[in-house]
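Participant: Take this structure, written in C-alpha cells, and hold onto it; I'll ask about it next.
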Amino acid sequence: MTAHPTGDPLSVLAPSLDVHGDDGLGPSPGEDKRSRRWRRLLVWSATSAPVGLLLMAGIAIGPRGINLLSLSTLTLLDPVVPVALAALGVLVGLSANNRRTGDARTLGAACLAAAVTVLVVSAGFGVVALAAMSSVVRPFWILILTGGICAATSLTLPSDDSLEPRSAARRVIELGVLLPIMAGALMLAWLRAGSFAGAGILVAHACGVILALAAAAWLLLTRASSETEERVFAVSALLLVGGVAAALSLSALFGGLVAGVFWRYAARHPRETIRRDVLFVQHPLVVLVLLVAGARADLSSSTLALGVGYVVLRVSGQLAAGTVARRIVGVTAPRDLGFHLLPPGVFGVGFALNAVSVVGAGASILLAAAVVGTIAAELVAVLLPPRSVGE
C-alpha cells in the first residue's frame with residue numbers, strides 16, 4: 001500500500017437533523033472514517049496494493065505454512081524474480097522526470113529524506129550490533145546499511161499517467177525511491193567485488209550492457225509492424241534486463257531503472273509501448289514479488305525482534321525525514337509529510353529479496369526482518385494516517 005489518500009476533515013451531523021450517529025441511522029462520521037482506514041489494507045488501485053496481506057499470504061503458503069510454495073517451487077521461481085524487479089525499476093525510470101515546476105527542489109528533498117531514514121535505521125541497528133557483539137565484520141556492516149536502504153522507500157507503484165497532477169507528498173514518495181535504488185546497487189556490487197572501486201567498475205559495466213540492450217529494444221520497437229510484435233519486443237527487453245542483472249549478481253531494480261530512464265528520453269512511441277506493456281503486468285509482478293518474499297522469510301524469535309526494531313526505527317526515521325523534506329519543498333508540502341511516508345510500499349521488500357538472490361543465505365535474516373517490519377509498518381500507517389488535506 002502506498003501513501004494514504006487523505007479525505008475531507010471530520011464533519012458533524014447537520015444540527016437540523018438532531019440525531020447522533022449511533023441512533024440506528026448508520027455509522028457516525030468517525031466510525032466511517034476508521035472503517036475506510038482499515039479497508040485500505042485490502043485496496044487495489046493503479047498505485048497501491050495490499051502489501052502486508054500479500055506478505056502474510058506468502059508466509060502462509062510457503063515452506064513454513066501449508067507448503068504450497070515449496071522450496072523446489074521457489075527455486076523454479078528464482079529466475080523470474082529479477083525480471084519482476086526489473087519491471088518495477090523500469091516503471092520508476094519512466095516516471096522519473098515529468099518536467100514539473102519545482103521538481104529539482106522536490107528531488108533534492110526526496111533524496112535527503114531517504115538519506116535521513118537510511119542513517120537513522122542503520123545507526124540504530126549499528127548500536128544494537130555493537131552492544132550485542134564484541135566485533136562486527138565488514139559484511140555485517142554492509143547488511144546493516146542495506147537494511148537502512150530497505151526502510152527508506154515508501155512507494156508501491158508510480159502513477160501510470162505522466163500528465164496526472166500530483167501533490168508534493170506524492171512526488172516526494174515517488175522520487176524518494178531513486179537514491180535507495182542507486183545506493184542499493186552499490187551495496188550489492190560492493191558485496192560481490194569486495195571494494196568500493198571494484199563496485200563502481202562493476203556497476204559501470206552493468207550500465208553499459210543494459211543501455212546497449214535498451215537501445216537495441218528501442219530500435220526494434222521503432223520498426224515493429226504490429227502491436228503483437230511490440231509486446232514481444234517489450235517483454236523480451238524486460239527478460240534481458242532482468243537476466244543481465246541476475247547473471248552479474250547486481251540489483252535488478254537498478255538495471256530496470258537505467259533502462260527505464262533511457263526509454264523515458266527515447267522516441268515517444270517506443271516509450272509509450274514499453275509503458276503500456278509493463279503496466280499491463282505490474283500487478284501480477286507485485287503479487288509474485290510479495291508472495292515469494294513472504295514464503296522465503298525465515299521467521300524466528302530473533303527475526304521477529306529485528307522486525308520490531310526495524311519498524312520502530314523506520315517510523316522514527318520517516319517522521320524525521322518528513323520534517324526535513326518539508327523545509328526544503330516549502331509551503332506546498334503538507335505539515336505532516338512524515339505521516340505520508342509511513343506506508344512501506346513494495347520496493348524495500350523487493351530489494352531485500354534481491355539481496356538474498358545475490359548474497360545468498362547470508363542475507364536471509366535481512367529479508368525476514370524486512371518482511372516482518374513491512375507488515376508491522378502497514379499497520380502503523382493505518383493507525384497513524386496523515387491528517388492534512390491535499391494528497
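Ligands are numbered from 1 in the order shown, chains are lettered A, B, ... in the order of the C-alpha cells, and residues start at 1 in each chain.
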To test your reading of the structure, identify every residue in range 297-337 of chain A that backbone DSSP assigns to helix (DSSP H, G or I), and report it as JSON, numbers by chain.
Facilitator: {"A": [301, 302, 303, 304, 305, 306, 307, 308, 309, 310, 311, 312, 313, 314, 315, 316, 317, 318, 319, 320, 321, 322, 323, 324, 325, 326, 327, 328, 329, 337]}
Participant: I want to know what sits within 12 Å of Leu299 in chain A, based on only C-alpha atoms, with residues of the same chain fewer than 6 positions away left out; could you give that as a list in words?
Facilitator: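 With the cut-off at 12 Å, the set is Met56, Ile59, Ala60, Gly62, Pro63, Arg64, Gly65, Ala293, Ala305, Leu306, Gly307, Ser364, Ile365, Leu366, Leu367, Ala368, Ala369, Ala370, Val371, Val372 and Gly373 of chain A.
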Participant: Contacts between range 342-361 of chain A and range 247-285 of chain A, please, where a residue of range 247-285 of chain A counts if it comes within 9 Å (with only C-alpha atoms); show its shortest atom pair and distance in Å to one decimal, rows by chain and ascending number, as JSON lines.
Facilitator:
{"residue": "A:Leu248", "atom": "CA", "partner": "A:Val358", "partner_atom": "CA", "distance": 8.9}
{"residue": "A:Ser249", "atom": "CA", "partner": "A:Val358", "partner_atom": "CA", "distance": 5.1}
{"residue": "A:Leu250", "atom": "CA", "partner": "A:Val358", "partner_atom": "CA", "distance": 6.7}
{"residue": "A:Ser251", "atom": "CA", "partner": "A:Asn354", "partner_atom": "CA", "distance": 6.5}
{"residue": "A:Ala252", "atom": "CA", "partner": "A:Asn354", "partner_atom": "CA", "distance": 7.2}
{"residue": "A:Leu253", "atom": "CA", "partner": "A:Phe351", "partner_atom": "CA", "distance": 7.4}
Participant: Go ahead and dump the residues you just picked, N, CA, C and O atoms, as a PDB file, in the first residue's frame.
Facilitator:
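result_20.pdb was written with the following content:
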ATOM      1  N   LEU A 248      24.991 -10.997 -13.542  1.00  0.00           N
ATOM      2  CA  LEU A 248      26.078 -10.219 -12.952  1.00  0.00           C
ATOM      3  C   LEU A 248      25.964 -10.110 -11.435  1.00  0.00           C
ATOM      4  O   LEU A 248      26.814  -9.470 -10.806  1.00  0.00           O
ATOM      5  N   SER A 249      24.920 -10.704 -10.850  1.00  0.00           N
ATOM      6  CA  SER A 249      24.663 -10.629  -9.399  1.00  0.00           C
ATOM      7  C   SER A 249      24.577  -9.187  -8.931  1.00  0.00           C
ATOM      8  O   SER A 249      25.200  -8.787  -7.944  1.00  0.00           O
ATOM      9  N   LEU A 250      23.782  -8.402  -9.645  1.00  0.00           N
ATOM     10  CA  LEU A 250      23.593  -6.993  -9.315  1.00  0.00           C
ATOM     11  C   LEU A 250      22.123  -6.716  -9.063  1.00  0.00           C
ATOM     12  O   LEU A 250      21.268  -7.597  -9.197  1.00  0.00           O
ATOM     13  N   SER A 251      21.825  -5.479  -8.734  1.00  0.00           N
ATOM     14  CA  SER A 251      20.458  -5.087  -8.407  1.00  0.00           C
ATOM     15  C   SER A 251      19.600  -5.045  -9.667  1.00  0.00           C
ATOM     16  O   SER A 251      19.880  -4.267 -10.592  1.00  0.00           O
ATOM     17  N   ALA A 252      18.553  -5.874  -9.704  1.00  0.00           N
ATOM     18  CA  ALA A 252      17.636  -5.851 -10.841  1.00  0.00           C
ATOM     19  C   ALA A 252      16.817  -4.567 -10.851  1.00  0.00           C
ATOM     20  O   ALA A 252      16.455  -4.064 -11.924  1.00  0.00           O
ATOM     21  N   LEU A 253      16.518  -4.016  -9.678  1.00  0.00           N
ATOM     22  CA  LEU A 253      15.811  -2.734  -9.613  1.00  0.00           C
ATOM     23  C   LEU A 253      16.618  -1.647 -10.295  1.00  0.00           C
ATOM     24  O   LEU A 253      16.084  -0.822 -11.047  1.00  0.00           O
TER      25      LEU A 253
END
Participant: Excluding Ala259 in chain A and its own-chain neighbours fewer than 4 positions away, which residues fall within 10 Å of it when counting only C-alpha atoms? Please give them as a list in words.
Facilitator: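 Residues meeting the cut-off are Ala86, Ala87, Gly89, Val90, Leu91, Gly93, Leu94, Cys207, Ile210, Leu211, Ala212, Leu213, Ala214, Ala215, Ala217, Ala237, Leu238, Val241, Phe254, Gly255, Trp263 and Arg264 of chain A.
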Participant: Write the selection just made, keeping N, CA, C and O atoms, as a CSV table (one decimal), in the first residue's frame?
Facilitator:
chain,number,residue,atom,x,y,z
A,86,ALA,N,13.1,-5.9,-12.2
A,86,ALA,CA,13.5,-5.0,-13.3
A,86,ALA,C,12.3,-4.2,-13.9
A,86,ALA,O,12.4,-3.1,-14.2
A,87,ALA,N,11.2,-4.9,-14.0
A,87,ALA,CA,10.0,-4.2,-14.5
A,87,ALA,C,9.6,-3.1,-13.5
A,87,ALA,O,9.2,-2.0,-14.0
A,89,GLY,N,11.6,-1.4,-11.6
A,89,GLY,CA,12.6,-0.4,-11.9
A,89,GLY,C,12.3,0.4,-13.1
A,89,GLY,O,12.5,1.6,-13.2
A,90,VAL,N,11.9,-0.3,-14.2
A,90,VAL,CA,11.5,0.4,-15.4
A,90,VAL,C,10.4,1.4,-15.2
A,90,VAL,O,10.5,2.6,-15.7
A,91,LEU,N,9.4,1.0,-14.4
A,91,LEU,CA,8.3,2.0,-14.1
A,91,LEU,C,8.8,3.2,-13.4
A,91,LEU,O,8.4,4.4,-13.7
A,93,GLY,N,11.9,4.5,-13.6
A,93,GLY,CA,12.7,5.2,-14.6
A,93,GLY,C,11.8,6.0,-15.6
A,93,GLY,O,12.1,7.1,-16.0
A,94,LEU,N,10.7,5.4,-16.0
A,94,LEU,CA,9.8,6.0,-17.0
A,94,LEU,C,9.1,7.3,-16.4
A,94,LEU,O,8.7,8.2,-17.1
A,207,CYS,N,25.8,-1.0,-16.4
A,207,CYS,CA,25.1,0.1,-17.0
A,207,CYS,C,25.3,0.1,-18.5
A,207,CYS,O,24.4,0.3,-19.3
A,210,ILE,N,23.3,-2.9,-20.0
A,210,ILE,CA,21.9,-2.6,-20.0
A,210,ILE,C,21.5,-1.5,-21.0
A,210,ILE,O,20.4,-1.6,-21.7
A,211,LEU,N,22.3,-0.5,-21.1
A,211,LEU,CA,22.0,0.6,-22.1
A,211,LEU,C,22.1,0.1,-23.5
A,211,LEU,O,21.3,0.5,-24.3
A,212,ALA,N,23.0,-0.9,-23.8
A,212,ALA,CA,23.1,-1.5,-25.1
A,212,ALA,C,21.8,-2.3,-25.4
A,212,ALA,O,21.2,-2.2,-26.5
A,213,LEU,N,21.3,-3.0,-24.4
A,213,LEU,CA,20.1,-3.8,-24.6
A,213,LEU,C,18.9,-2.9,-24.8
A,213,LEU,O,18.0,-3.1,-25.6
A,214,ALA,N,18.9,-1.8,-24.0
A,214,ALA,CA,17.7,-0.8,-24.1
A,214,ALA,C,17.7,-0.2,-25.4
A,214,ALA,O,16.7,0.0,-26.0
A,215,ALA,N,18.9,0.2,-26.0
A,215,ALA,CA,19.0,0.8,-27.3
A,215,ALA,C,18.5,-0.2,-28.4
A,215,ALA,O,17.8,0.2,-29.3
A,217,ALA,N,16.4,-2.7,-28.0
A,217,ALA,CA,14.9,-2.8,-27.9
A,217,ALA,C,14.3,-1.6,-28.5
A,217,ALA,O,13.2,-1.7,-29.1
A,237,ALA,N,12.7,-7.4,-23.9
A,237,ALA,CA,13.7,-6.5,-23.3
A,237,ALA,C,13.7,-6.6,-21.8
A,237,ALA,O,14.8,-6.5,-21.2
A,238,LEU,N,12.5,-6.7,-21.2
A,238,LEU,CA,12.5,-6.9,-19.7
A,238,LEU,C,13.2,-8.2,-19.3
A,238,LEU,O,13.9,-8.2,-18.3
A,241,VAL,N,16.9,-7.5,-19.5
A,241,VAL,CA,17.4,-6.6,-18.4
A,241,VAL,C,17.5,-7.4,-17.1
A,241,VAL,O,18.5,-7.3,-16.4
A,254,PHE,N,17.9,-1.6,-10.0
A,254,PHE,CA,18.8,-0.6,-10.7
A,254,PHE,C,18.9,-0.8,-12.2
A,254,PHE,O,18.8,0.1,-12.9
A,255,GLY,N,19.0,-2.1,-12.6
A,255,GLY,CA,19.0,-2.4,-14.0
A,255,GLY,C,17.8,-1.9,-14.7
A,255,GLY,O,17.8,-1.3,-15.8
A,263,TRP,N,14.6,4.8,-21.9
A,263,TRP,CA,13.4,4.8,-22.7
A,263,TRP,C,12.6,6.0,-22.4
A,263,TRP,O,11.8,6.5,-23.3
A,264,ARG,N,12.7,6.6,-21.2
A,264,ARG,CA,12.0,7.8,-20.9
A,264,ARG,C,12.4,9.0,-21.8
A,264,ARG,O,11.5,9.8,-22.2
Participant: Please determine, counting only C-alpha atoms, which residue among A:Trp218, A:Leu145, A:Ala321, A:Ser167 has the shortest atom-to-atom distance to Arg268 in chain A.
Facilitator: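 With only C-alpha atoms as the atom set, the closest residue is A:Trp218.
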Participant: Counting only C-alpha atoms, which residue out of A:Thr273, A:Thr75, A:Ser301, A:Thr323 sits closest to Ala109 in chain A?
Facilitator: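 Closest candidate: A:Thr323.
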Participant: Given the choices A:Val177, A:Ser159, A:Leu285, A:Leu88, which gets closest to Cys111 in chain A if the distance is worked out from only C-alpha atoms?
Facilitator: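 The closest residue to Cys111 in chain A is A:Val177.
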Participant: When you count only C-alpha atoms, which of these residues is closest to Arg166 in chain A: A:Val51, A:Leu279, A:Ala333, A:Leu239?
Facilitator: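 So, comparing all the options, the nearest one is A:Ala333.
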Participant: Find the residues near Gly338 in chain A: any atom within 6 Å, counting only C-alpha atoms, skip ones fewer than 3 places away on the same chain, and give them as a list of chain:residue names.
Facilitator: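 Counting only the stated atoms, we get A:Gln318, A:Leu319, A:Gly322, A:Leu341.
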Participant: Report, in Å with one decimal, the straight-line distance from CA of Leu69 in chain A to CA of Gly52 in chain A.
Facilitator: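 Distance between the two atoms: 17.8 Å.
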